[in-house]
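Down below is the structure, laid out as structure tokens.
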Amino acid sequence: MKAARTVLEYLKNNGVQHIFGIPAGSVNAFFDELNEMSGLKPIVTKHEGAASYMAAAYAKYTNQMSVCIGCSGPGGTNLVTGAANAMREHLPVLFLTGAVPVNTVGLNASQELDAEPIFQPVTKYSITVKESKDLLKEVVKASEIAISGVPGPVHIAIPIDVQHEIVPNIEIPAPPKRTALVPNLDIIKNVAEELLTRKNGYILVGQGVRNSVEQLLELAEILNWPILTTPQAKGYIPENHPLLVGVFGFAGHEAASELIAEGDGQVLLIVGSSLGETATNNYNLNLTKNRFSIQMDYDQSVFNRKYQIDLPVLGDINVSLLLLIEELKTKGATQKSTALEVKENKELVGDIEEYNTKNVLLNIQKYLPSSTRYTIDIGEFMSYVIHHMKVLDYDTFDINVHFGAMGSGIGSAIGSKLAEPERPVVCITGDGCFFMHGMEILTAKEHNLPILFIVMNNARLGMVYHGHNLQFHRTHPSFEQNPVSISAMASAMGIPSFQVTELQDINQDMINNLSNLNGPAVLEVVLTDNNTPPMGDRVKFLSSFGK
């Protein structure tokens, strides 16, 4: 059996069903072996960067390791941004890159590059395998590292000749299993005592709560404390939950900011947030000022970075919450009946007359299923999504403002749809992002994925334009460009499309015509919105460096 085949057999036994990437000479052994294997399907993309975003989203929504592959040299470097993205989101992705034959290293072989050190800063583990006898062993080791502790990406570079070598009598190991990180029970007891003694506080929810929403809500209802979410965590707490105040941080809500700045909460309970720049409204010191701070996370490195944490709780979020709830109940605490009253659901569309970004997005959402997952790209529209769009169901927004890679939302939509085929998926992207990775709508077409790609086309880099205008009171002409019809581009690829030029264009029939198809569709929104986006204090933060 070829060394490459042993890797593929191991991955298949691991539950891997898709390998995202692009074939090339330096990884040809892997793609050749896939001809002989059922149940392991390559998703051949148009760019390796997009493949990495697909693999990250697939790992997120299947809760298992995914696999991404690229050639030596440029294929590998195209994957680095995706690896950094996966590292930031704690997603277990195995990145495989080809490498030149062992005996040509240092001889300027075609696409030669030492990828191992390049991936090291953005993965948990990066290595080059130089002997076929070590290949499967290293893949097994890397897979265990990827899912253990704080999950994250790993990387293995494999020379062409190593892939093709025959390895005898190989036994395919069993897949690794992640061991839950259980918090110290004495610390949990201390947390319960502090919460009951101080009585009054707030809960700040980060993206780490994704698989623990039920437990988080139960805890919030026991305490009867307001819930704030970070921008990255938008989508986990439904809009109509009576304890939800809104988003704190980038593009957040005034009510949330006022609560932090002026509220009398004695405790800040931080659940699954690393308290980075976008989550804290540019490191706002009011978060923990005169408050007892408790932070729950499975990543020890997040404690006491910018904010002094009085009581860190190291452990898997769902385990920590379950144990804390049990401890509170032991001490006599129960869910408050007032917490179960449902807030009146406000109308999705407010000032419906103006053709602007806010009203376009709210109108579109009105005609889509409440279970729709929106994968949000990076751009001016992202701040409107965070600030104005409603959370109608659980886990319905994928917003990667944390790392902020333009075009990532397009690949994320494909990875999400492959992970959960029955869930409606809509990508909200912009013309700038589309020109980076928009050709992946062809990938969606080739795999019959019914994804609606909404492209906000303002013929400029909108977020950059507004940011510079607010900070410097001028913009460079290069931020704008001649308009391009993206719906015409989609039509040329045989993909159904529609172009919106006024608010009245958006209706149920139009959305129905672009939904439930046997493949993707493109909804182009031609709109130059000169309203100031709700970016919060982001511009003030950037302006502080120009003084």
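Just so we're on the same page: first chain in the structure tokens is A, next is B, and so on; residues restart at 1 for each chain, and ligands are numbered from 1 in the order they show up.
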Strand (DSSP E or B) positions in region 95-343 of chain A, given as a count of residues only: 43
Contacts of Asn85 (chain A) within 8 Å, only C-alpha atoms, excl. fewer than 6 positions in-chain, as a ChimeraX atom specification: /A:53,56,403,405
Same residues, N, CA and C atoms, output as a compact mmCIF listing (two decimals), in the first residue's frame:
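Saved result, part-v9.txt, follows:
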# COMPACT_ATOMS: atom_id res chain seq x y z
N TYR A 53 -11.06 27.94 4.13
CA TYR A 53 -12.23 28.46 4.84
C TYR A 53 -13.35 27.42 4.84
N ALA A 56 -12.46 24.87 7.49
CA ALA A 56 -12.67 25.40 8.84
C ALA A 56 -14.15 25.35 9.21
N PHE A 403 -10.76 37.32 13.04
CA PHE A 403 -9.56 37.34 12.20
C PHE A 403 -9.76 38.25 11.00
N ALA A 405 -10.80 37.87 7.61
CA ALA A 405 -10.27 37.58 6.28
C ALA A 405 -11.34 37.82 5.22
Those of region 185-427 of chain A in DSSP alpha helix (DSSP H), formatted as a PyMOL selection string: chain A and resi 185-198+213-223+254-262+317-330+357-366+380-388+408-419
Generate the output file for the selected residues, C-alpha atoms, as a CSV table (one decimal), in the first residue's frame.
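Resulting contents of selection-v4.csv:
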chain,number,residue,atom,x,y,z
A,185,LEU,CA,-14.7,21.3,41.6
A,186,ASP,CA,-13.4,23.6,44.4
A,187,ILE,CA,-13.2,26.4,41.9
A,188,ILE,CA,-16.8,25.7,40.7
A,189,LYS,CA,-17.9,25.9,44.3
A,190,ASN,CA,-16.1,29.2,44.8
A,191,VAL,CA,-17.8,30.6,41.6
A,192,ALA,CA,-21.3,29.5,42.9
A,193,GLU,CA,-20.6,31.2,46.3
A,194,GLU,CA,-19.5,34.4,44.6
A,195,LEU,CA,-22.5,34.5,42.3
A,196,LEU,CA,-25.0,33.9,45.1
A,197,THR,CA,-23.3,36.3,47.5
A,198,ARG,CA,-23.0,39.2,45.0
A,213,VAL,CA,-26.2,27.5,24.6
A,214,GLU,CA,-28.8,25.4,26.5
A,215,GLN,CA,-26.6,25.3,29.6
A,216,LEU,CA,-25.8,29.0,29.3
A,217,LEU,CA,-29.5,30.0,29.1
A,218,GLU,CA,-30.3,27.8,32.1
A,219,LEU,CA,-27.6,29.5,34.2
A,220,ALA,CA,-28.7,32.9,33.1
A,221,GLU,CA,-32.3,32.1,34.1
A,222,ILE,CA,-31.2,30.8,37.5
A,223,LEU,CA,-29.3,34.0,38.1
A,254,GLU,CA,-26.1,51.2,22.8
A,255,ALA,CA,-28.1,49.3,25.5
A,256,ALA,CA,-25.2,46.9,26.0
A,257,SER,CA,-22.6,49.7,26.2
A,258,GLU,CA,-24.7,51.7,28.6
A,259,LEU,CA,-25.1,48.6,30.9
A,260,ILE,CA,-21.4,48.1,31.0
A,261,ALA,CA,-20.6,51.8,31.5
A,262,GLU,CA,-23.4,52.8,33.9
A,317,ILE,CA,-17.5,25.3,28.7
A,318,ASN,CA,-20.4,22.8,28.7
A,319,VAL,CA,-18.9,20.8,31.6
A,320,SER,CA,-18.1,24.0,33.6
A,321,LEU,CA,-21.7,25.3,33.1
A,322,LEU,CA,-23.3,21.9,34.0
A,323,LEU,CA,-21.3,21.6,37.2
A,324,LEU,CA,-22.0,25.2,38.1
A,325,ILE,CA,-25.7,24.8,37.6
A,326,GLU,CA,-25.7,21.7,39.7
A,327,GLU,CA,-23.8,23.5,42.5
A,328,LEU,CA,-26.2,26.4,42.4
A,329,LYS,CA,-29.2,24.1,42.6
A,330,THR,CA,-27.6,22.3,45.5
A,357,THR,CA,-28.1,48.6,3.6
A,358,LYS,CA,-30.0,48.1,6.9
A,359,ASN,CA,-33.4,47.9,5.2
A,360,VAL,CA,-32.2,45.7,2.4
A,361,LEU,CA,-30.8,43.1,4.9
A,362,LEU,CA,-33.9,43.2,7.1
A,363,ASN,CA,-36.2,42.9,4.2
A,364,ILE,CA,-34.3,39.9,2.8
A,365,GLN,CA,-34.3,38.2,6.2
A,366,LYS,CA,-38.0,38.7,6.4
A,380,GLU,CA,-19.2,47.5,5.6
A,381,PHE,CA,-22.3,45.3,5.5
A,382,MET,CA,-20.9,43.2,8.4
A,383,SER,CA,-21.5,46.0,10.9
A,384,TYR,CA,-25.1,46.3,9.7
A,385,VAL,CA,-25.6,42.6,10.1
A,386,ILE,CA,-24.2,42.6,13.7
A,387,HIS,CA,-26.2,45.7,14.7
A,388,HIS,CA,-29.5,45.2,12.9
A,408,SER,CA,-13.9,33.8,4.1
A,409,GLY,CA,-17.7,34.0,4.3
A,410,ILE,CA,-18.0,32.5,0.8
A,411,GLY,CA,-16.0,29.4,1.6
A,412,SER,CA,-17.7,29.2,5.0
A,413,ALA,CA,-21.1,28.9,3.3
A,414,ILE,CA,-19.9,25.9,1.3
A,415,GLY,CA,-18.3,24.2,4.3
A,416,SER,CA,-21.5,24.9,6.4
A,417,LYS,CA,-23.8,23.5,3.7
A,418,LEU,CA,-21.7,20.3,3.3
A,419,ALA,CA,-21.7,19.8,7.1
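Shortest atom-to-atom contact with Val205 (chain A) among A:Asp297, A:Asp264, A:Asp114, A:Glu422: A:Asp297, counting only C-alpha atoms.
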Straight-line distance linking CA of Gln64 (chain A) with CA of Met439 (chain A), stated in Å to one decimal: 26.9 Å
Surrounding residues of Asn28 (chain A) excluding itself and chain neighbours under 4 positions, 9 Å, only C-alpha atoms, as a list in words: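 Skipping anything fewer than 4 positions along the chain leaves Pro23, Ala24, Asp32, Glu33, Cys71, Gly98, Ile160 and Gln163 of chain A.
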Output for the residues just chosen: all heavy atoms as a compact mmCIF listing (two decimals), in the first residue's frame:
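Writing the result to result.txt gives the following:
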# COMPACT_ATOMS: atom_id res chain seq x y z
N PRO A 23 -5.77 19.78 -6.72
CA PRO A 23 -4.74 18.80 -7.10
C PRO A 23 -3.55 19.46 -7.78
O PRO A 23 -3.68 20.53 -8.39
CB PRO A 23 -5.49 17.88 -8.06
CG PRO A 23 -6.61 18.71 -8.61
CD PRO A 23 -7.00 19.66 -7.51
N ALA A 24 -2.41 18.85 -7.64
CA ALA A 24 -1.18 19.32 -8.29
C ALA A 24 -0.15 18.19 -8.23
O ALA A 24 -0.36 17.19 -7.53
CB ALA A 24 -0.65 20.57 -7.60
N ASP A 32 -4.70 10.52 -6.83
CA ASP A 32 -4.79 9.28 -7.60
C ASP A 32 -5.45 8.18 -6.78
O ASP A 32 -6.31 7.44 -7.28
CB ASP A 32 -3.41 8.84 -8.06
CG ASP A 32 -3.47 7.57 -8.89
OD1 ASP A 32 -4.08 7.60 -9.98
OD2 ASP A 32 -2.94 6.53 -8.44
N GLU A 33 -5.08 8.06 -5.52
CA GLU A 33 -5.66 7.03 -4.65
C GLU A 33 -7.15 7.26 -4.41
O GLU A 33 -7.91 6.32 -4.19
CB GLU A 33 -4.93 6.98 -3.31
CG GLU A 33 -3.49 6.48 -3.39
CD GLU A 33 -3.41 5.02 -3.83
OE1 GLU A 33 -4.34 4.25 -3.52
OE2 GLU A 33 -2.42 4.66 -4.50
N CYS A 71 -0.68 22.08 -2.88
CA CYS A 71 0.63 21.68 -3.40
C CYS A 71 1.76 22.38 -2.65
O CYS A 71 1.53 23.27 -1.82
CB CYS A 71 0.71 22.00 -4.90
SG CYS A 71 0.79 23.77 -5.29
N GLY A 98 2.07 19.33 -0.22
CA GLY A 98 3.10 18.57 -0.91
C GLY A 98 4.47 19.21 -0.67
O GLY A 98 4.58 20.32 -0.15
N ILE A 160 6.93 14.42 -2.48
CA ILE A 160 6.27 13.60 -3.50
C ILE A 160 6.70 12.14 -3.40
O ILE A 160 5.86 11.23 -3.44
CB ILE A 160 6.61 14.12 -4.91
CG1 ILE A 160 6.32 15.61 -5.05
CG2 ILE A 160 5.88 13.32 -5.98
CD1 ILE A 160 6.85 16.21 -6.35
N GLN A 163 5.16 10.14 -0.55
CA GLN A 163 3.75 9.77 -0.78
C GLN A 163 3.63 8.48 -1.57
O GLN A 163 2.76 7.65 -1.31
CB GLN A 163 3.04 10.89 -1.55
CG GLN A 163 2.97 12.23 -0.87
CD GLN A 163 2.47 13.30 -1.82
OE1 GLN A 163 1.61 13.07 -2.67
NE2 GLN A 163 3.02 14.51 -1.68
